[in-house]
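Pasting coords-v3.cif here (mmCIF, C-alpha atoms and all ligand atoms):
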data_query
#
loop_
_atom_site.label_atom_id
_atom_site.label_comp_id
_atom_site.auth_asym_id
_atom_site.auth_seq_id
_atom_site.Cartn_x
_atom_site.Cartn_y
_atom_site.Cartn_z
CA MET A 10 100.95 79.07 72.42
CA ILE A 11 100.38 80.90 75.71
CA LYS A 12 100.37 84.68 76.06
CA VAL A 13 100.22 86.58 79.33
CA VAL A 14 98.68 90.02 78.92
CA LYS A 15 99.21 92.81 81.40
CA PHE A 16 97.11 95.96 81.14
CA GLY A 17 98.27 99.23 82.68
CA GLY A 18 96.14 101.71 84.61
CA SER A 19 95.20 103.92 81.67
CA SER A 20 94.08 100.81 79.74
CA LEU A 21 91.58 100.07 82.53
CA ALA A 22 90.61 103.55 83.65
CA SER A 23 86.98 103.49 82.45
CA ALA A 24 84.23 101.27 81.06
CA GLU A 25 85.21 102.37 77.56
CA GLN A 26 88.77 101.18 78.13
CA PHE A 27 87.54 97.87 79.61
CA HIS A 28 85.65 97.37 76.39
CA LYS A 29 88.80 97.74 74.30
CA VAL A 30 90.64 95.37 76.63
CA LYS A 31 87.98 92.70 76.23
CA ASP A 32 88.13 92.98 72.44
CA ILE A 33 91.88 92.59 72.54
CA ILE A 34 91.78 89.53 74.80
CA LEU A 35 88.98 87.75 73.01
CA SER A 36 90.46 88.37 69.56
CA ASP A 37 93.28 85.93 70.36
CA PRO A 38 92.61 82.66 72.25
CA ASP A 39 96.30 82.49 73.19
CA ARG A 40 95.74 85.45 75.51
CA ARG A 41 94.85 83.23 78.44
CA PHE A 42 96.22 84.94 81.53
CA VAL A 43 95.39 88.54 82.35
CA VAL A 44 97.22 90.79 84.81
CA PRO A 45 95.39 94.07 85.48
CA SER A 46 96.61 97.29 87.14
CA ALA A 47 94.26 99.48 89.17
CA PRO A 48 92.19 102.04 87.25
CA GLY A 49 94.49 104.88 86.25
CA LYS A 50 93.84 108.40 85.02
CA ARG A 51 90.94 109.00 82.65
CA ASP A 52 92.51 112.30 81.62
CA SER A 53 95.57 114.26 82.63
CA SER A 54 93.85 116.01 85.55
CA ASP A 55 92.46 112.76 87.02
CA THR A 56 93.85 110.82 90.02
CA LYS A 57 94.90 107.16 89.90
CA VAL A 58 92.90 104.85 92.17
CA THR A 59 96.19 103.73 93.79
CA ASP A 60 96.89 107.33 94.85
CA MET A 61 93.30 107.71 96.10
CA LEU A 62 93.81 104.58 98.22
CA TYR A 63 97.07 105.85 99.74
CA HIS A 64 95.33 109.11 100.56
CA CYS A 65 92.26 107.43 102.03
CA TYR A 66 94.37 105.14 104.16
CA SER A 67 96.48 108.00 105.51
CA ILE A 68 93.26 109.50 106.91
CA ALA A 69 92.27 106.14 108.40
CA GLU A 70 95.70 105.76 109.95
CA GLU A 71 95.23 109.02 111.83
CA ASN A 72 91.81 107.80 112.95
CA GLY A 73 90.10 110.44 110.82
CA ASP A 74 86.82 110.08 108.97
CA PHE A 75 87.73 108.41 105.68
CA SER A 76 84.21 107.63 104.50
CA GLU A 77 84.13 110.36 101.84
CA ALA A 78 87.54 109.38 100.45
CA LEU A 79 86.45 105.73 100.29
CA ALA A 80 83.15 106.67 98.65
CA GLN A 81 85.07 108.42 95.87
CA ILE A 82 87.09 105.27 95.22
CA ARG A 83 83.94 103.23 95.20
CA ALA A 84 82.42 105.61 92.67
CA ARG A 85 85.31 104.90 90.28
CA TYR A 86 84.47 101.18 90.28
CA GLN A 87 80.73 101.76 90.21
CA GLU A 88 81.14 103.85 87.07
CA ILE A 89 82.83 100.89 85.40
CA ILE A 90 80.22 98.40 86.67
CA ASP A 91 77.39 100.59 85.39
CA GLY A 92 79.12 101.40 82.13
CA LEU A 93 79.50 97.70 81.34
CA SER A 94 76.16 96.66 82.87
CA LEU A 95 77.91 94.09 85.05
CA THR A 96 75.83 92.25 87.61
CA VAL A 97 78.64 91.94 90.15
CA SER A 98 78.38 93.93 93.40
CA LEU A 99 81.36 95.19 95.39
CA ASP A 100 79.29 96.00 98.50
CA GLY A 101 80.76 93.19 100.60
CA GLU A 102 84.30 93.98 99.43
CA PHE A 103 83.99 97.64 100.37
CA GLU A 104 82.61 96.75 103.78
CA THR A 105 85.65 94.50 104.41
CA ILE A 106 87.99 97.23 103.17
CA ARG A 107 86.35 99.78 105.46
CA GLU A 108 86.79 97.49 108.47
CA ASN A 109 90.39 96.72 107.59
CA PHE A 110 91.24 100.39 107.07
CA ALA A 111 89.73 101.20 110.47
CA ALA A 112 91.81 98.39 111.97
CA HIS A 113 94.96 99.84 110.34
CA ALA A 114 95.68 96.89 108.07
CA GLY A 115 98.66 98.69 106.51
CA ARG A 116 99.53 100.94 103.58
CA ASP A 117 100.41 98.02 101.32
CA TYR A 118 97.10 96.32 101.98
CA ALA A 119 95.36 99.61 101.20
CA ALA A 120 97.17 100.22 97.91
CA SER A 121 96.73 96.62 96.77
CA ARG A 122 92.93 96.94 96.81
CA GLY A 123 93.10 98.92 93.55
CA GLU A 124 94.33 95.89 91.59
CA TYR A 125 92.32 93.43 93.68
CA LEU A 126 88.97 95.08 92.94
CA ASN A 127 89.84 95.71 89.30
CA GLY A 128 90.75 92.04 89.00
CA ILE A 129 87.33 91.02 90.28
CA LEU A 130 85.63 93.27 87.75
CA ILE A 131 87.62 92.18 84.76
CA ALA A 132 87.32 88.49 85.68
CA ASN A 133 83.57 88.96 85.87
CA TYR A 134 83.47 90.85 82.57
CA LEU A 135 85.52 88.23 80.74
CA GLY A 136 84.08 85.16 82.47
CA PHE A 137 87.61 84.18 83.60
CA GLU A 138 88.62 82.73 86.96
CA PHE A 139 89.84 85.25 89.58
CA ILE A 140 93.06 84.31 91.38
CA ASP A 141 93.98 86.40 94.43
CA SER A 142 97.70 87.23 94.18
CA ALA A 143 97.96 87.35 97.99
CA ARG A 144 97.72 83.57 98.03
CA TYR A 145 100.26 82.82 95.33
CA ILE A 146 102.79 85.64 95.11
CA ARG A 147 105.07 85.38 98.08
CA PHE A 148 107.47 87.74 99.85
CA LEU A 149 110.20 86.80 102.32
CA GLU A 150 110.24 88.29 105.82
CA ASP A 151 112.93 90.79 104.77
CA GLY A 152 110.51 92.20 102.21
CA THR A 153 112.19 90.77 99.11
CA PHE A 154 110.31 88.76 96.53
CA ASP A 155 110.35 84.98 97.10
CA ALA A 156 110.80 83.76 93.52
CA LYS A 157 111.07 80.09 94.34
CA THR A 158 107.90 79.68 96.46
CA THR A 159 105.95 81.91 94.09
CA GLN A 160 106.96 79.88 91.06
CA ASP A 161 105.83 76.67 92.79
CA LEU A 162 102.52 78.04 94.07
CA LEU A 163 101.57 79.93 90.94
CA SER A 164 102.48 77.31 88.38
CA GLU A 165 100.56 74.74 90.41
CA VAL A 166 97.32 76.74 90.52
CA LEU A 167 97.50 78.01 86.93
CA LYS A 168 98.38 74.73 85.27
CA ASN A 169 94.80 73.49 85.57
CA LEU A 170 93.17 76.65 84.31
CA ASP A 171 92.47 77.67 80.74
CA ASN A 172 92.07 81.31 81.67
CA ALA A 173 92.60 83.44 84.75
CA VAL A 174 92.88 87.00 86.00
CA ILE A 175 95.75 87.58 88.43
CA PRO A 176 95.81 91.14 89.84
CA GLY A 177 99.12 92.98 89.58
CA PHE A 178 101.26 94.86 92.10
CA TYR A 179 100.86 92.75 95.26
CA GLY A 180 101.44 89.46 96.99
CA ALA A 181 101.79 88.53 100.64
CA TYR A 182 104.13 87.24 103.31
CA ALA A 183 103.78 83.61 104.41
CA ASP A 184 101.40 84.71 107.19
CA GLY A 185 99.06 86.39 104.71
CA ARG A 186 99.96 90.05 105.35
CA VAL A 187 99.71 91.85 102.02
CA LYS A 188 102.83 93.41 100.52
CA THR A 189 103.17 95.39 97.30
CA PHE A 190 106.01 95.80 94.86
CA SER A 191 107.23 99.35 94.29
CA ARG A 192 105.08 101.71 92.22
CA GLY A 193 104.35 100.48 88.73
CA GLY A 194 104.83 96.94 90.03
CA SER A 195 102.06 95.29 88.01
CA ASP A 196 104.67 94.98 85.26
CA ILE A 197 106.57 92.69 87.62
CA THR A 198 103.50 90.55 88.32
CA GLY A 199 102.98 90.11 84.58
CA SER A 200 106.52 88.91 84.22
CA ILE A 201 106.19 86.49 87.16
CA VAL A 202 102.97 85.03 85.76
CA ALA A 203 104.55 84.66 82.30
CA ARG A 204 107.34 82.66 83.87
CA ALA A 205 104.99 80.52 85.95
CA VAL A 206 102.91 79.40 82.96
CA HIS A 207 105.92 79.09 80.60
CA ALA A 208 104.37 81.69 78.32
CA ASN A 209 105.65 82.14 74.80
CA LEU A 210 105.08 85.87 75.01
CA TYR A 211 104.45 88.50 77.66
CA GLU A 212 102.34 91.29 76.19
CA ASN A 213 102.48 94.51 78.17
CA TRP A 214 99.60 96.76 77.09
CA THR A 215 99.91 100.45 77.78
CA ASP A 216 99.04 103.80 76.19
CA VAL A 217 102.02 104.15 73.86
CA SER A 218 102.95 102.06 70.84
CA GLY A 219 106.23 100.88 72.32
CA PHE A 220 109.56 102.37 73.25
CA LEU A 221 110.49 105.44 71.31
CA VAL A 222 113.95 106.10 69.94
CA ALA A 223 114.02 109.35 71.94
CA ASP A 224 111.90 111.20 74.48
CA PRO A 225 108.85 112.71 72.69
CA HIS A 226 109.08 115.76 74.96
CA ILE A 227 112.42 116.54 73.33
CA VAL A 228 112.22 115.14 69.81
CA ASP A 229 109.16 115.80 67.69
CA ASN A 230 107.32 112.58 66.88
CA PRO A 231 110.19 110.11 67.38
CA ARG A 232 110.16 106.66 65.78
CA VAL A 233 109.15 103.53 67.66
CA ILE A 234 111.89 100.97 68.38
CA GLU A 235 110.84 97.70 66.73
CA THR A 236 113.19 95.34 68.57
CA ILE A 237 115.41 96.01 71.54
CA THR A 238 117.57 93.63 73.55
CA TYR A 239 117.35 93.41 77.33
CA ARG A 240 120.84 94.86 77.63
CA GLU A 241 120.04 97.86 75.47
CA LEU A 242 116.86 98.41 77.41
CA ARG A 243 118.75 98.38 80.68
CA GLU A 244 121.14 101.07 79.41
CA LEU A 245 118.28 103.25 78.23
CA SER A 246 116.09 102.75 81.32
CA TYR A 247 118.99 103.63 83.53
CA MET A 248 119.25 106.92 81.72
CA GLY A 249 115.61 107.67 82.32
CA ALA A 250 113.67 106.11 79.44
CA GLY A 251 110.67 104.61 81.27
CA VAL A 252 107.66 102.56 80.14
CA LEU A 253 108.38 99.31 81.92
CA HIS A 254 109.32 98.72 85.58
CA GLU A 255 113.00 97.82 85.71
CA ASP A 256 112.44 94.76 87.90
CA ALA A 257 109.98 93.34 85.36
CA ILE A 258 112.78 92.21 83.14
CA PHE A 259 114.45 89.61 85.31
CA PRO A 260 111.80 86.83 85.62
CA VAL A 261 111.12 86.64 81.88
CA ARG A 262 114.66 87.26 80.77
CA THR A 263 116.01 84.28 82.61
CA ALA A 264 113.20 82.13 81.16
CA GLY A 265 113.81 83.35 77.61
CA ILE A 266 110.35 84.89 77.21
CA PRO A 267 110.15 88.00 75.00
CA ILE A 268 108.09 91.03 76.01
CA ASN A 269 105.94 92.92 73.53
CA ILE A 270 104.95 96.47 74.51
CA LYS A 271 101.57 97.20 72.90
CA ASN A 272 99.12 100.10 72.75
CA THR A 273 95.55 99.41 73.97
CA ASN A 274 94.30 102.40 71.99
CA ARG A 275 96.02 101.27 68.76
CA PRO A 276 96.13 97.46 68.97
CA GLU A 277 97.06 97.12 65.31
CA ASP A 278 100.45 98.77 65.94
CA GLU A 279 103.27 96.25 66.22
CA GLY A 280 104.76 97.83 69.33
CA THR A 281 108.23 97.04 70.61
CA PHE A 282 109.68 93.56 71.10
CA ILE A 283 112.13 93.17 73.97
CA VAL A 284 114.28 90.10 73.45
CA GLU A 285 117.36 88.44 74.88
CA ASN A 286 119.09 88.27 71.53
CA THR A 287 118.17 88.82 67.94
CA SER A 288 119.56 88.41 64.49
CA ARG A 289 117.25 91.18 63.37
CA LYS A 290 119.30 94.19 62.43
CA PRO A 291 118.20 97.38 64.12
CA ALA A 292 116.50 99.82 61.78
CA PHE A 293 119.29 102.33 62.40
CA THR A 294 122.81 102.07 63.83
CA ILE A 295 121.49 103.35 67.10
CA THR A 296 118.55 101.80 68.92
CA GLY A 297 117.78 104.67 71.26
CA ILE A 298 118.90 107.89 72.91
CA ALA A 299 118.19 108.76 76.53
CA GLY A 300 119.66 111.20 78.97
CA LYS A 301 119.38 113.09 82.19
CA LYS A 302 120.29 116.49 83.52
CA GLY A 303 121.60 117.32 86.95
CA PHE A 304 125.14 115.93 87.10
CA THR A 305 128.28 117.36 88.61
CA ALA A 306 131.81 116.39 87.57
CA ILE A 307 134.65 116.55 90.05
CA ASN A 308 137.87 116.77 88.06
CA ILE A 309 140.94 115.83 90.02
CA GLU A 310 144.37 116.70 88.67
CA LYS A 311 147.74 115.53 89.83
CA ASP A 312 151.07 115.39 88.05
CA MET A 313 152.28 111.83 87.48
CA MET A 314 148.93 110.45 88.61
CA ASN A 315 149.31 107.65 86.11
CA SER A 316 152.16 106.08 88.03
CA GLU A 317 150.69 106.46 91.51
CA ILE A 318 149.28 103.11 92.50
CA GLY A 319 145.96 103.32 94.34
CA PHE A 320 145.12 106.88 93.30
CA GLY A 321 141.75 105.95 91.79
CA ARG A 322 140.81 103.88 94.80
CA LYS A 323 141.63 106.70 97.21
CA ALA A 324 139.68 109.25 95.16
CA LEU A 325 136.63 107.02 95.11
CA GLN A 326 137.04 106.28 98.81
CA ALA A 327 136.13 109.90 99.53
CA PHE A 328 132.81 109.40 97.76
CA GLU A 329 132.15 106.02 99.30
CA ASP A 330 132.79 107.28 102.83
CA ASN A 331 130.15 109.95 102.27
CA GLY A 332 127.60 107.54 100.86
CA ILE A 333 127.69 108.91 97.31
CA SER A 334 127.66 106.55 94.33
CA PHE A 335 129.35 107.69 91.14
CA GLU A 336 127.90 107.38 87.66
CA HIS A 337 130.95 107.58 85.42
CA MET A 338 134.65 107.98 85.82
CA PRO A 339 136.48 109.00 82.65
CA SER A 340 140.21 109.53 83.12
CA GLY A 341 143.20 111.09 81.37
CA ILE A 342 146.90 110.68 82.12
CA ASP A 343 147.02 113.16 84.99
CA THR A 344 143.31 113.76 85.48
CA LEU A 345 140.42 111.78 86.73
CA SER A 346 136.80 112.93 86.67
CA VAL A 347 134.05 111.58 88.83
CA PHE A 348 130.46 112.15 87.71
CA VAL A 349 127.84 112.25 90.46
CA HIS A 350 124.24 113.35 90.88
CA GLN A 351 124.29 117.07 91.61
CA HIS A 352 121.62 117.07 94.33
CA GLU A 353 123.29 114.23 96.25
CA PHE A 354 126.73 115.78 95.97
CA GLU A 355 125.74 119.32 97.00
CA GLU A 356 124.94 118.33 100.58
CA LYS A 357 128.24 116.51 101.12
CA GLU A 358 130.41 118.68 98.91
CA GLN A 359 132.84 120.15 101.43
CA ALA A 360 133.31 116.89 103.33
CA ILE A 361 134.13 115.06 100.08
CA LEU A 362 136.55 117.71 98.84
CA ALA A 363 138.36 117.75 102.18
CA GLU A 364 138.72 114.00 102.07
CA ILE A 365 140.02 113.95 98.50
CA HIS A 366 142.65 116.49 99.57
CA LYS A 367 143.59 114.39 102.54
CA LEU A 368 143.68 111.03 100.77
CA CYS A 369 145.02 111.99 97.33
CA ASN A 370 146.93 115.22 97.81
CA PRO A 371 145.94 116.47 94.33
CA ASP A 372 147.41 119.51 92.56
CA TYR A 373 144.02 120.85 91.69
CA ILE A 374 140.33 120.02 91.95
CA ASP A 375 137.86 121.60 89.58
CA ILE A 376 134.10 121.24 89.86
CA ALA A 377 131.87 121.46 86.80
CA THR A 378 128.17 121.58 87.52
CA ASP A 379 124.86 121.63 85.59
CA LEU A 380 125.89 118.88 83.26
CA ALA A 381 123.70 116.47 81.34
CA LEU A 382 124.61 112.95 80.30
CA ILE A 383 123.30 111.46 77.09
CA ALA A 384 123.47 107.73 76.35
CA VAL A 385 123.46 106.73 72.70
CA VAL A 386 122.68 103.01 72.77
CA GLY A 387 122.73 100.41 70.02
CA ARG A 388 123.80 96.85 69.35
CA GLY A 389 124.44 98.02 65.79
CA MET A 390 127.43 100.13 66.85
CA LYS A 391 129.73 97.15 66.99
CA SER A 392 129.44 96.40 63.31
CA ASN A 393 129.28 99.97 62.04
CA HIS A 394 132.33 102.17 62.03
CA GLY A 395 132.17 105.92 62.33
CA THR A 396 129.37 106.06 64.90
CA ALA A 397 131.32 108.25 67.30
CA ALA A 398 132.47 110.50 64.46
CA LYS A 399 128.88 110.90 63.31
CA ILE A 400 127.75 111.89 66.80
CA PHE A 401 130.55 114.41 67.22
CA ARG A 402 129.95 115.93 63.80
CA ALA A 403 126.25 116.31 64.59
CA LEU A 404 127.01 118.01 67.90
CA ASP A 405 129.62 120.22 66.31
CA ASN A 406 127.18 121.33 63.62
CA ALA A 407 124.60 122.09 66.29
CA GLY A 408 127.13 124.22 68.20
CA VAL A 409 127.18 121.93 71.23
CA ASN A 410 130.39 121.68 73.24
CA ILE A 411 131.19 118.12 74.36
CA ARG A 412 132.38 118.03 77.97
CA MET A 413 132.94 114.30 78.34
CA ILE A 414 132.94 111.10 76.29
CA ASP A 415 132.78 107.60 77.69
CA GLN A 416 132.41 104.48 75.62
CA GLY A 417 131.68 101.25 77.45
CA SER A 418 133.89 98.37 76.36
CA SER A 419 130.77 96.43 75.34
CA GLU A 420 130.46 98.88 72.45
CA LEU A 421 126.81 99.00 73.25
CA ASN A 422 126.71 102.64 74.18
CA ILE A 423 128.50 105.94 74.06
CA ILE A 424 127.92 108.38 76.90
CA ILE A 425 128.35 112.05 76.18
CA GLY A 426 128.42 114.84 78.75
CA VAL A 427 127.19 118.30 77.72
CA ALA A 428 126.06 121.41 79.57
CA SER A 429 122.45 121.05 80.76
CA LYS A 430 121.42 124.04 78.65
CA ASP A 431 122.56 122.17 75.51
CA PHE A 432 120.77 118.92 76.41
CA GLU A 433 117.71 119.19 74.15
CA THR A 434 119.70 120.56 71.21
CA ALA A 435 122.18 117.71 71.54
CA VAL A 436 119.52 114.97 71.68
CA ASN A 437 117.79 116.40 68.61
CA ALA A 438 121.06 116.67 66.70
CA ILE A 439 121.99 113.05 67.42
CA TYR A 440 118.51 111.83 66.56
CA LYS A 441 118.55 113.59 63.19
CA ALA A 442 122.02 112.29 62.39
CA PHE A 443 120.90 108.66 62.67
CA VAL A 444 117.18 108.44 62.14
CA GLN A 445 115.70 109.41 58.81
N1 LIG B 1 98.70 100.64 90.57
C1 LIG B 1 100.08 100.62 90.95
C2 LIG B 1 100.69 101.99 90.76
O1 LIG B 1 100.00 102.93 90.42
C3 LIG B 1 100.86 99.57 90.26
C4 LIG B 1 100.81 99.59 88.75
O2 LIG B 1 99.98 100.27 88.15
O3 LIG B 1 101.63 98.92 88.14
O4 LIG B 1 101.86 102.17 90.99
#
Written as structure tokens, how would this file's structure read?
Amino acid sequence: MIKVVKFGGSSLASAEQFHKVKDIILSDPDRRFVVPSAPGKRDSSDTKVTDMLYHCYSIAEENGDFSEALAQIRARYQEIIDGLSLTVSLDGEFETIRENFAAHAGRDYAASRGEYLNGILIANYLGFEFIDSARYIRFLEDGTFDAKTTQDLLSEVLKNLDNAVIPGFYGAYADGRVKTFSRGGSDITGSIVARAVHANLYENWTDVSGFLVADPHIVDNPRVIETITYRELRELSYMGAGVLHEDAIFPVRTAGIPINIKNTNRPEDEGTFIVENTSRKPAFTITGIAGKKGFTAINIEKDMMNSEIGFGRKALQAFEDNGISFEHMPSGIDTLSVFVHQHEFEEKEQAILAEIHKLCNPDYIDIATDLALIAVVGRGMKSNHGTAAKIFRALDNAGVNIRMIDQGSSELNIIIGVASKDFETAVNAIYKAFVQ
């Protein structure tokens, strides 16, 4: 069995955290390939090394004196080296980084040093081989990830190694220029490595014990989701439930490798399994609840709309022409509503309204603003009747007015629109109705 283990920034923020990480890795010989992030925050007021690097490089880019900013970054690593009594020295590395910053090697190069240096430290601490991602994770000239070349290069180098540390977040173009993924991209590296070594499991270690059924800022002490499918996860992430980078799903999903979200500070917790498919019944009818505020609904009314061919297309044309994507489009017989992000819509509002008038000649347009959308997601909905009724009853009892309902034909989720001021009450009411 092969496991790839990725550790997030808070799991590697200090010597104490490194210690926990080593215990975790060495307690299971299957944990052969390690993907580290850069050191993250040690407490809530701290700054991530990645952010320190961006800041330091912005000074260098303006030809300012960045020595103090670089010294602070160096101190973060030195604290870890000293705390673990490592014999490794980063003197040469920091000298190279200083020269490259002065020569304006690029923002991506700068940010990538967080993972690079942390990789050197953890490889030294574990006695594992260090593999520089710049040599094996490849980007195409247009900046997109080159999955094919990467798979070939990475599987070739890793196949002969029992253990290795492969830093997260970055790779390089064919000419060697470093390029990073978007923020939080070490999750993606973990997934790519898992695919390259045909891992049986991709463990993603973080500071929470998995995905929660609802946002802990809204619901008090919500339950952990034991198993979630990739499709459910996509629905929930889209609605704002974050823990894992969205792009991290694709490489492992297509290779049939499950992901296990685990907590470095509570390794005994099972965490959440993310799988392609499962016969395991979810603990409750719903798997999770997520939502966002800040939507506007444009309700377009026209008598006999139902028989006017092309009405929907023309209405959406007005949004498309102004570069606005829509989120949902529930419709009635003579009405059609288009849900958009409030802040995007506000700027283009009058242009869009004018165009709807011109293209559709509606009887009436009404705008409802300050709306929140809540997604209630669960593969269990298909086989359980009365889910919608249960949600509506819960919202009714909580005094929440439902402004919109949209059920995807996959029966995987029900989207409910409520006023933003009712958002928290609604999420709590739905949670209580399903989760005991
Ligand atoms: N260190 C990078 C960031 O802060 C990447 C990562 O942690 O995944 O975004």
Self-check item: Protein, DNA and RNA residues within 6 Å of (125.1, 115.0, 62.8), only C-alpha atoms, as a PyMOL selection string
Solution: chain A and resi 399-400+402-403+438-439+442
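One finds CA of Ile307 (chain A) at 4.7 Å from CA of Ile376 (chain A).
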Residues near Ala363 (chain A), cut-off 9 Å, only C-alpha atoms, skip fewer than 5 positions along chain, as an mmCIF file with C-alpha atoms, keeping the file's coordinate frame:
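Listed below is the output, selection.cif:
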data_model
loop_
_atom_site.group_PDB
_atom_site.id
_atom_site.type_symbol
_atom_site.label_atom_id
_atom_site.label_comp_id
_atom_site.auth_asym_id
_atom_site.auth_seq_id
_atom_site.Cartn_x
_atom_site.Cartn_y
_atom_site.Cartn_z
ATOM 1 C CA ALA A 327 136.130 109.900 99.530
ATOM 2 C CA GLU A 358 130.410 118.680 98.910
ATOM 3 C CA LEU A 368 143.680 111.030 100.770
#
Quiz item: Between A:Gly194, A:Gly332, A:Gly128, A:Pro371, which is the closest to ligand LIG 1 (chain B) once you count only C-alpha atoms and all ligand atoms?
Solution: A:Gly194
Taking only C-alpha atoms and all ligand atoms into account, which residues are within 12 Å of ligand LIG 1 (chain B), as a JSON list (two decimals) with C-alpha atoms, in the coordinates of the input?
[["chain", "number", "residue", "atom", "x", "y", "z"],
["A", 15, "LYS", "CA", 99.21, 92.81, 81.40],
["A", 16, "PHE", "CA", 97.11, 95.96, 81.14],
["A", 17, "GLY", "CA", 98.27, 99.23, 82.68],
["A", 18, "GLY", "CA", 96.14, 101.71, 84.61],
["A", 19, "SER", "CA", 95.20, 103.92, 81.67],
["A", 20, "SER", "CA", 94.08, 100.81, 79.74],
["A", 21, "LEU", "CA", 91.58, 100.07, 82.53],
["A", 22, "ALA", "CA", 90.61, 103.55, 83.65],
["A", 44, "VAL", "CA", 97.22, 90.79, 84.81],
["A", 45, "PRO", "CA", 95.39, 94.07, 85.48],
["A", 46, "SER", "CA", 96.61, 97.29, 87.14],
["A", 47, "ALA", "CA", 94.26, 99.48, 89.17],
["A", 48, "PRO", "CA", 92.19, 102.04, 87.25],
["A", 49, "GLY", "CA", 94.49, 104.88, 86.25],
["A", 50, "LYS", "CA", 93.84, 108.40, 85.02],
["A", 56, "THR", "CA", 93.85, 110.82, 90.02],
["A", 57, "LYS", "CA", 94.90, 107.16, 89.90],
["A", 58, "VAL", "CA", 92.90, 104.85, 92.17],
["A", 59, "THR", "CA", 96.19, 103.73, 93.79],
["A", 60, "ASP", "CA", 96.89, 107.33, 94.85],
["A", 61, "MET", "CA", 93.30, 107.71, 96.10],
["A", 62, "LEU", "CA", 93.81, 104.58, 98.22],
["A", 63, "TYR", "CA", 97.07, 105.85, 99.74],
["A", 117, "ASP", "CA", 100.41, 98.02, 101.32],
["A", 119, "ALA", "CA", 95.36, 99.61, 101.20],
["A", 120, "ALA", "CA", 97.17, 100.22, 97.91],
["A", 121, "SER", "CA", 96.73, 96.62, 96.77],
["A", 122, "ARG", "CA", 92.93, 96.94, 96.81],
["A", 123, "GLY", "CA", 93.10, 98.92, 93.55],
["A", 124, "GLU", "CA", 94.33, 95.89, 91.59],
["A", 125, "TYR", "CA", 92.32, 93.43, 93.68],
["A", 126, "LEU", "CA", 88.97, 95.08, 92.94],
["A", 127, "ASN", "CA", 89.84, 95.71, 89.30],
["A", 128, "GLY", "CA", 90.75, 92.04, 89.00],
["A", 176, "PRO", "CA", 95.81, 91.14, 89.84],
["A", 177, "GLY", "CA", 99.12, 92.98, 89.58],
["A", 178, "PHE", "CA", 101.26, 94.86, 92.10],
["A", 179, "TYR", "CA", 100.86, 92.75, 95.26],
["A", 189, "THR", "CA", 103.17, 95.39, 97.30],
["A", 190, "PHE", "CA", 106.01, 95.80, 94.86],
["A", 191, "SER", "CA", 107.23, 99.35, 94.29],
["A", 192, "ARG", "CA", 105.08, 101.71, 92.22],
["A", 193, "GLY", "CA", 104.35, 100.48, 88.73],
["A", 194, "GLY", "CA", 104.83, 96.94, 90.03],
["A", 195, "SER", "CA", 102.06, 95.29, 88.01],
["A", 196, "ASP", "CA", 104.67, 94.98, 85.26],
["A", 197, "ILE", "CA", 106.57, 92.69, 87.62],
["A", 198, "THR", "CA", 103.50, 90.55, 88.32],
["A", 199, "GLY", "CA", 102.98, 90.11, 84.58],
["A", 200, "SER", "CA", 106.52, 88.91, 84.22],
["A", 213, "ASN", "CA", 102.48, 94.51, 78.17],
["A", 214, "TRP", "CA", 99.60, 96.76, 77.09],
["A", 215, "THR", "CA", 99.91, 100.45, 77.78],
["A", 252, "VAL", "CA", 107.66, 102.56, 80.14],
["A", 253, "LEU", "CA", 108.38, 99.31, 81.92],
["A", 254, "HIS", "CA", 109.32, 98.72, 85.58],
["A", 255, "GLU", "CA", 113.00, 97.82, 85.71],
["A", 256, "ASP", "CA", 112.44, 94.76, 87.90],
["A", 257, "ALA", "CA", 109.98, 93.34, 85.36]]
Give me, as JSON lines, each residue of region 320-413 of chain A that comes within 6 Å of region 281-297 of chain A, together with its shortest interatomic pair and the distance in Å at one decimal, counting only C-alpha atoms, with rows ordered by chain and rising residue number.
{"residue": "A:Val386", "atom": "CA", "partner": "A:Gly297", "partner_atom": "CA", "distance": 5.4}
{"residue": "A:Gly387", "atom": "CA", "partner": "A:Ile295", "partner_atom": "CA", "distance": 4.3}
{"residue": "A:Gly389", "atom": "CA", "partner": "A:Thr294", "partner_atom": "CA", "distance": 4.8}
{"residue": "A:Met390", "atom": "CA", "partner": "A:Thr294", "partner_atom": "CA", "distance": 5.9}
Point (97.3, 83.0, 87.6) neighbourhood (7 Å, all atoms listed in the file) written as a PDB file with C-alpha atoms, in the frame of the given file:
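Result file selection.pdb:
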ATOM      1  CA  PHE A  42      96.220  84.940  81.530  1.00  0.00           C
ATOM      2  CA  ILE A 140      93.060  84.310  91.380  1.00  0.00           C
ATOM      3  CA  LEU A 163     101.570  79.930  90.940  1.00  0.00           C
ATOM      4  CA  VAL A 166      97.320  76.740  90.520  1.00  0.00           C
ATOM      5  CA  LEU A 167      97.500  78.010  86.930  1.00  0.00           C
ATOM      6  CA  ALA A 173      92.600  83.440  84.750  1.00  0.00           C
ATOM      7  CA  VAL A 174      92.880  87.000  86.000  1.00  0.00           C
ATOM      8  CA  ILE A 175      95.750  87.580  88.430  1.00  0.00           C
ATOM      9  CA  VAL A 202     102.970  85.030  85.760  1.00  0.00           C
TER      10      VAL A 202
END
Quiz prompt | Test item: residues at most 12 Å from Asn422 (chain A), all atoms listed in the file, excluding those fewer than 3 positions along its chain, as JSON, numbers by chain | solution = {"A": [240, 241, 242, 243, 244, 245, 248, 294, 295, 296, 297, 298, 299, 383, 384, 385, 386, 387, 388, 389, 390, 391, 396, 397, 400, 414, 415, 416, 417, 418, 419, 425]}
Using all atoms listed in the file, which residues sit within 8 Å of Asn315 (chain A) once same-chain residues fewer than 3 positions away are excluded, as an mmCIF file with C-alpha atoms, keeping the file's coordinate frame?
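selection_0.cif written:
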data_model
loop_
_atom_site.group_PDB
_atom_site.id
_atom_site.type_symbol
_atom_site.label_atom_id
_atom_site.label_comp_id
_atom_site.auth_asym_id
_atom_site.auth_seq_id
_atom_site.Cartn_x
_atom_site.Cartn_y
_atom_site.Cartn_z
ATOM 1 C CA ILE A 318 149.280 103.110 92.500
ATOM 2 C CA ILE A 342 146.900 110.680 82.120
ATOM 3 C CA ASP A 343 147.020 113.160 84.990
#
